[in-house]
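Novice: Mind looking over this structure? Questions follow.
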Amino acid sequence: MQPAVRLLTNRSPPYFWGEATDKGTQKPSFPIHTGHAETREIIEDGRLELLEDLANTAIESITRVFECLESTKEGSQKHVAEIHLSEDLQKWRREQHNSGHILPSKGHGLVPASEKVVQILGAEKWPKLLTTTNVLFGSGMINMLVGAYDAETLYSNYCTDTVFYYEHGYGGAERRAAVEIGMKYIKRKIALEKAHKSGLANKVAKLNRHEAQVVYLFESSLMGLNKEAIVRGFDPAAVMSDMVFSNPGTDVVDVGSDLNNSELVNSFLNTADITSTGIVTEEALLRVYDSYACTGSRMLCERWMEPGARMCAVLFTWHIQNNRHRFLRRALLGYPKVRKTVMEPREADFDEAFDPEMHTTGFSRPLQGACNGGDPCDQVEGFLRTHDESNGLLAELWFCFSGNLMDYVSKGVADEGIEDELSERLQLAMVRAYTLGFAYEMAWLIAHASYHAWQVNRLFEAAMFGSLLDDGALSGKLDRQDDF
């Protein structure tokens, strides 16, 4: 699992950092970032003992939520809210469904990658699970972009990080210890969901800002990557912030689906903008969307080279490739509702975008050094000019990340065959770039494409609205393979 390693800039951390360690080279120094005040108070230095305590806190928080479902005492529902779409959104949903614009329920995520993709990677002898598009372009691609101590550890980390899929129903010492800590939370949540699934539909957890950040840290399901980044010297607060952002990074495409199935933790629906009234309005969704988009801006544009940032960036391409979320169909169905006006790029920390009760504040500041919002934008054009040694491969990558997708989504004609072709073309471009040694270059392009998807072309906004057209097939069920 070893690419031809290339260095993009002297800011990029080494790809196989064990080589420098073995040679006795001084450990690289990574910056401590400004902001992240509350996150910094929570995570401190990120030591394992603290992660264990935080996991217990997250378990206690989620247990309280589920216990509320059993109680009949007055005021016992303070940790749970019953929610429904506003009349306007219900009307829009009915009209769309009557016109045949229905989002199929989520796939199983078990489709194997094509033989060509597997051959390019030299992965013919890998376990079948590791070569499904869901896993290969999820935890696999994350590890390919982040790197590892050495090539053998890279493959081992890939296998270890498939714990992320445990909640879907698929079956370094500190990194692996952190995985065990995270697994404890996941197993407890799954047990609670199975015990209460009949009473979970249209209900969500009420979480304050502090509780939300702790719970979302473990909802990310990638505690091993989180802990290893901290051990390597990355800013613990920024690392935790990235893990927290991975929640809206996945939940944004599941807003409508999670209304129907038995998921109490959706970072959009958990906000006080929704839980305080129990009504999911278009205005509230846009406020929450903009707030989360702001919290990810600096990560994707300034800190793109850090492990957690690369993980969050890959969520964008993973949604397209994983055979679960049908991202392109969601985006196509929701695109008519997307705001088409150009807005100034903004950024904010989590504890600035949300107040202590987890209500949006509306606060943000201009994003420094933002691109001009074109497609390709000025920064992408400059990047491609600087790295023209790829013989057009990087330009092909950007087209697969942006222009190709927008062309399909904006036309508004659903075609499963085209969606499969777009996904396959993207998969091939990514594995070719990796095997030819363009891991760093691809990491920057994916991060910038993800930023565009949040704040420029708003593909994530489109997917959010498209999710409201879910067919409801998972109503009253768990979003898990063994419950489909």
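Residues in the structure tokens are named by chain (A, B, ... in the order shown) and by number from 1 within that chain; ligands are numbered from 1 in the order shown.
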Give me the residues near range 290-304 of chain A as a list in words, where near means some atom within 7 Å (using only C-alpha atoms) and where sequence neighbours in that chain fewer than 6 positions away do not count.
Specialist: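 With the cut-off at 7 Å, the set is Phe245, Pro248, Arg310, Ala313, Arg346, Glu347, Ala348, Asp349, Phe350, Ala353, Thr360, Ser364, Trp444, Ala447, His448, Tyr451, Trp454 and Gln455 of chain A.
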Novice: Okay, now the selection with C-alpha atoms, as a JSON list (two decimals), in the first residue's frame?
Specialist:
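New file part-v1.json:
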```json
[["chain", "number", "residue", "atom", "x", "y", "z"],
["A", 245, "PHE", "CA", -16.84, 18.63, 12.22],
["A", 248, "PRO", "CA", -22.09, 17.62, 10.15],
["A", 310, "ARG", "CA", -7.84, 15.31, 5.34],
["A", 313, "ALA", "CA", -12.31, 16.49, 3.27],
["A", 346, "ARG", "CA", -16.95, 33.10, 6.21],
["A", 347, "GLU", "CA", -15.45, 31.21, 9.13],
["A", 348, "ALA", "CA", -16.04, 30.72, 12.86],
["A", 349, "ASP", "CA", -15.14, 28.38, 15.70],
["A", 350, "PHE", "CA", -17.74, 25.96, 17.04],
["A", 353, "ALA", "CA", -21.19, 29.67, 15.78],
["A", 360, "THR", "CA", -26.91, 29.23, 16.19],
["A", 364, "SER", "CA", -18.89, 34.59, 11.58],
["A", 444, "TRP", "CA", -5.26, 19.76, -1.33],
["A", 447, "ALA", "CA", -10.02, 19.75, 0.67],
["A", 448, "HIS", "CA", -10.66, 22.70, -1.64],
["A", 451, "TYR", "CA", -14.83, 23.77, 0.82],
["A", 454, "TRP", "CA", -20.00, 23.80, 1.49],
["A", 455, "GLN", "CA", -19.72, 27.47, 0.57]]
```
Novice: Given only C-alpha atoms, how would the per-residue table for range 401-474 of chain A near range 121-141 of chain A read, listing every residue at most 9 Å away with its closest atom pair and distance in Å to one decimal, sorted by chain and number, as JSON lines?
Specialist:
```
{"residue": "A:Gln427", "atom": "CA", "partner": "A:Phe137", "partner_atom": "CA", "distance": 7.9}
{"residue": "A:Met430", "atom": "CA", "partner": "A:Met141", "partner_atom": "CA", "distance": 8.8}
{"residue": "A:Val431", "atom": "CA", "partner": "A:Leu121", "partner_atom": "CA", "distance": 6.6}
{"residue": "A:Arg432", "atom": "CA", "partner": "A:Leu121", "partner_atom": "CA", "distance": 8.1}
{"residue": "A:Tyr434", "atom": "CA", "partner": "A:Leu121", "partner_atom": "CA", "distance": 8.6}
{"residue": "A:Thr435", "atom": "CA", "partner": "A:Leu121", "partner_atom": "CA", "distance": 6.7}
```
Novice: Residues of range 245-350 of chain A classed as strand (DSSP E or B) by DSSP on the backbone are to be reported as a PyMOL selection string.
Specialist: chain A and resi 279-280+346-347
Novice: Given the selection you just returned, output its residues as a file containing C-alpha atoms, formatted as a PDB file, in the first residue's frame.
Specialist:
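Generated output (part-v4.pdb):
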```pdb
ATOM      1  CA  ILE A 279     -40.332  22.101  13.785  1.00  0.00           C
ATOM      2  CA  VAL A 280     -37.794  21.644  11.003  1.00  0.00           C
ATOM      3  CA  ARG A 346     -16.951  33.097   6.208  1.00  0.00           C
ATOM      4  CA  GLU A 347     -15.447  31.210   9.135  1.00  0.00           C
TER       5      GLU A 347
END
```
Novice: Do you have the CA of Thr275 in chain A-CA of Pro104 in chain A distance handy?
Specialist: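 Value for the CA of Thr275 in chain A-CA of Pro104 in chain A distance: 26.6 Å.
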Novice: Using the chain letters and numbers from this document, which residues of range 52-138 of chain A does DSSP assign to helix (DSSP H, G or I), as number ranges by chain?
Specialist: A: 52-68, 76-79, 87-98, 115-121, 128-131, 133-138
Novice: Within 12 Å of Glu381 in chain A, counting only C-alpha atoms, which residues show up once you throw out same-chain ones fewer than 4 positions away? Write them as a PyMOL selection string, please.
Specialist: chain A and resi 371-377+385-388+394-395+398-399+445+448
Novice: Could you tell me how far CA of Ala463 in chain A sits from CA of Asp161 in chain A, in Å to one decimal place?
Specialist: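 Rounded to one decimal, the two atoms are 26.1 Å apart.
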Novice: Can you list every residue of range 86-185 of chain A that has an atom at most 10 Å from range 252-268 of chain A, with its nearest atom pair and the distance in Å to one decimal, using only C-alpha atoms, ordered by chain then number, as CSV?
Specialist:
```
residue,atom,partner,partner_atom,distance
A:Leu103,CA,A:Ser257,CA,9.4
A:Ser105,CA,A:Ser257,CA,7.8
A:Lys106,CA,A:Ser257,CA,8.4
```
Novice: Find the residue from A:His101, A:His108, A:His84, A:Arg47 that sits nearest to Asp471 in chain A; use only C-alpha atoms when measuring.
Specialist: A:His101
Novice: Find the residues near Glu180 in chain A: any atom within 12 Å, counting only C-alpha atoms, skip ones fewer than 5 places away on the same chain, and give them as a PyMOL selection string.
Specialist: chain A and resi 48+51-52+55+160-161+163-164+173-175+185-187+218+221-224+227
Novice: Mind dumping a table of every range 292-369 of chain A residue within 7 Å of range 411-425 of chain A, with the nearest atom pair and its distance in Å to one decimal, using only C-alpha atoms, sorted by chain and rising number, as a tab-separated table?
Specialist:
```
residue	atom	partner	partner_atom	distance
A:Ile320	CA	A:Ser423	CA	6.2
A:Gln321	CA	A:Ser423	CA	5.5
A:Leu328	CA	A:Glu419	CA	6.6
A:Arg329	CA	A:Ala414	CA	6.8
A:Leu332	CA	A:Gly412	CA	5.6
```
Novice: Those residues you just picked out, can you put them in a file as an mmCIF file, in the first residue's frame with C-alpha atoms?
Specialist:
```cif
data_model
loop_
_atom_site.group_PDB
_atom_site.id
_atom_site.type_symbol
_atom_site.label_atom_id
_atom_site.label_comp_id
_atom_site.auth_asym_id
_atom_site.auth_seq_id
_atom_site.Cartn_x
_atom_site.Cartn_y
_atom_site.Cartn_z
ATOM 1 C CA ILE A 320 -20.344 9.997 -3.899
ATOM 2 C CA GLN A 321 -18.607 6.621 -3.959
ATOM 3 C CA LEU A 328 -25.559 12.795 -6.472
ATOM 4 C CA ARG A 329 -29.247 11.894 -6.401
ATOM 5 C CA LEU A 332 -29.914 16.694 -7.873
#
```
Novice: Grab the CA of Gly109 in chain A to CA of Trp318 in chain A distance for me, in Å with one decimal place.
Specialist: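 We find that CA of Gly109 in chain A and CA of Trp318 in chain A lie 10.9 Å from each other.
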Novice: For a quick check of understanding, using only C-alpha atoms, which of A:Asn391, A:Ser467, A:Asn270, A:Gln213 has the smallest distance to Arg40 in chain A?
Specialist: A:Gln213
Novice: From the options A:Asn202, A:Ser246, A:Asn56, A:Ser114, which residue's atoms come nearest to Cys312 in chain A, counting only C-alpha atoms?
Specialist: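 Ranked by minimum distance to Cys312 in chain A, first place goes to A:Ser246.
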Novice: Neighbours of range 86-97 of chain A within 12 Å (only C-alpha atoms; same-chain residues fewer than 4 positions away dropped), as a PyMOL selection string?
Specialist: chain A and resi 101-104+256+274+277-285+333-334+336-337+465-472
Novice: Kindly assemble as CSV a list of the range 196-312 of chain A residues that lie within 9 Å of range 144-148 of chain A, each paired with its nearest atom pair and their distance in Å to one decimal, using only C-alpha atoms, sorted first by chain and then by ascending residue number.
Specialist:
```
residue,atom,partner,partner_atom,distance
A:Met305,CA,A:Val146,CA,8.3
A:Glu306,CA,A:Val146,CA,7.8
A:Pro307,CA,A:Val146,CA,5.5
A:Gly308,CA,A:Val146,CA,8.7
A:Arg310,CA,A:Val146,CA,6.8
A:Met311,CA,A:Val146,CA,8.0
```
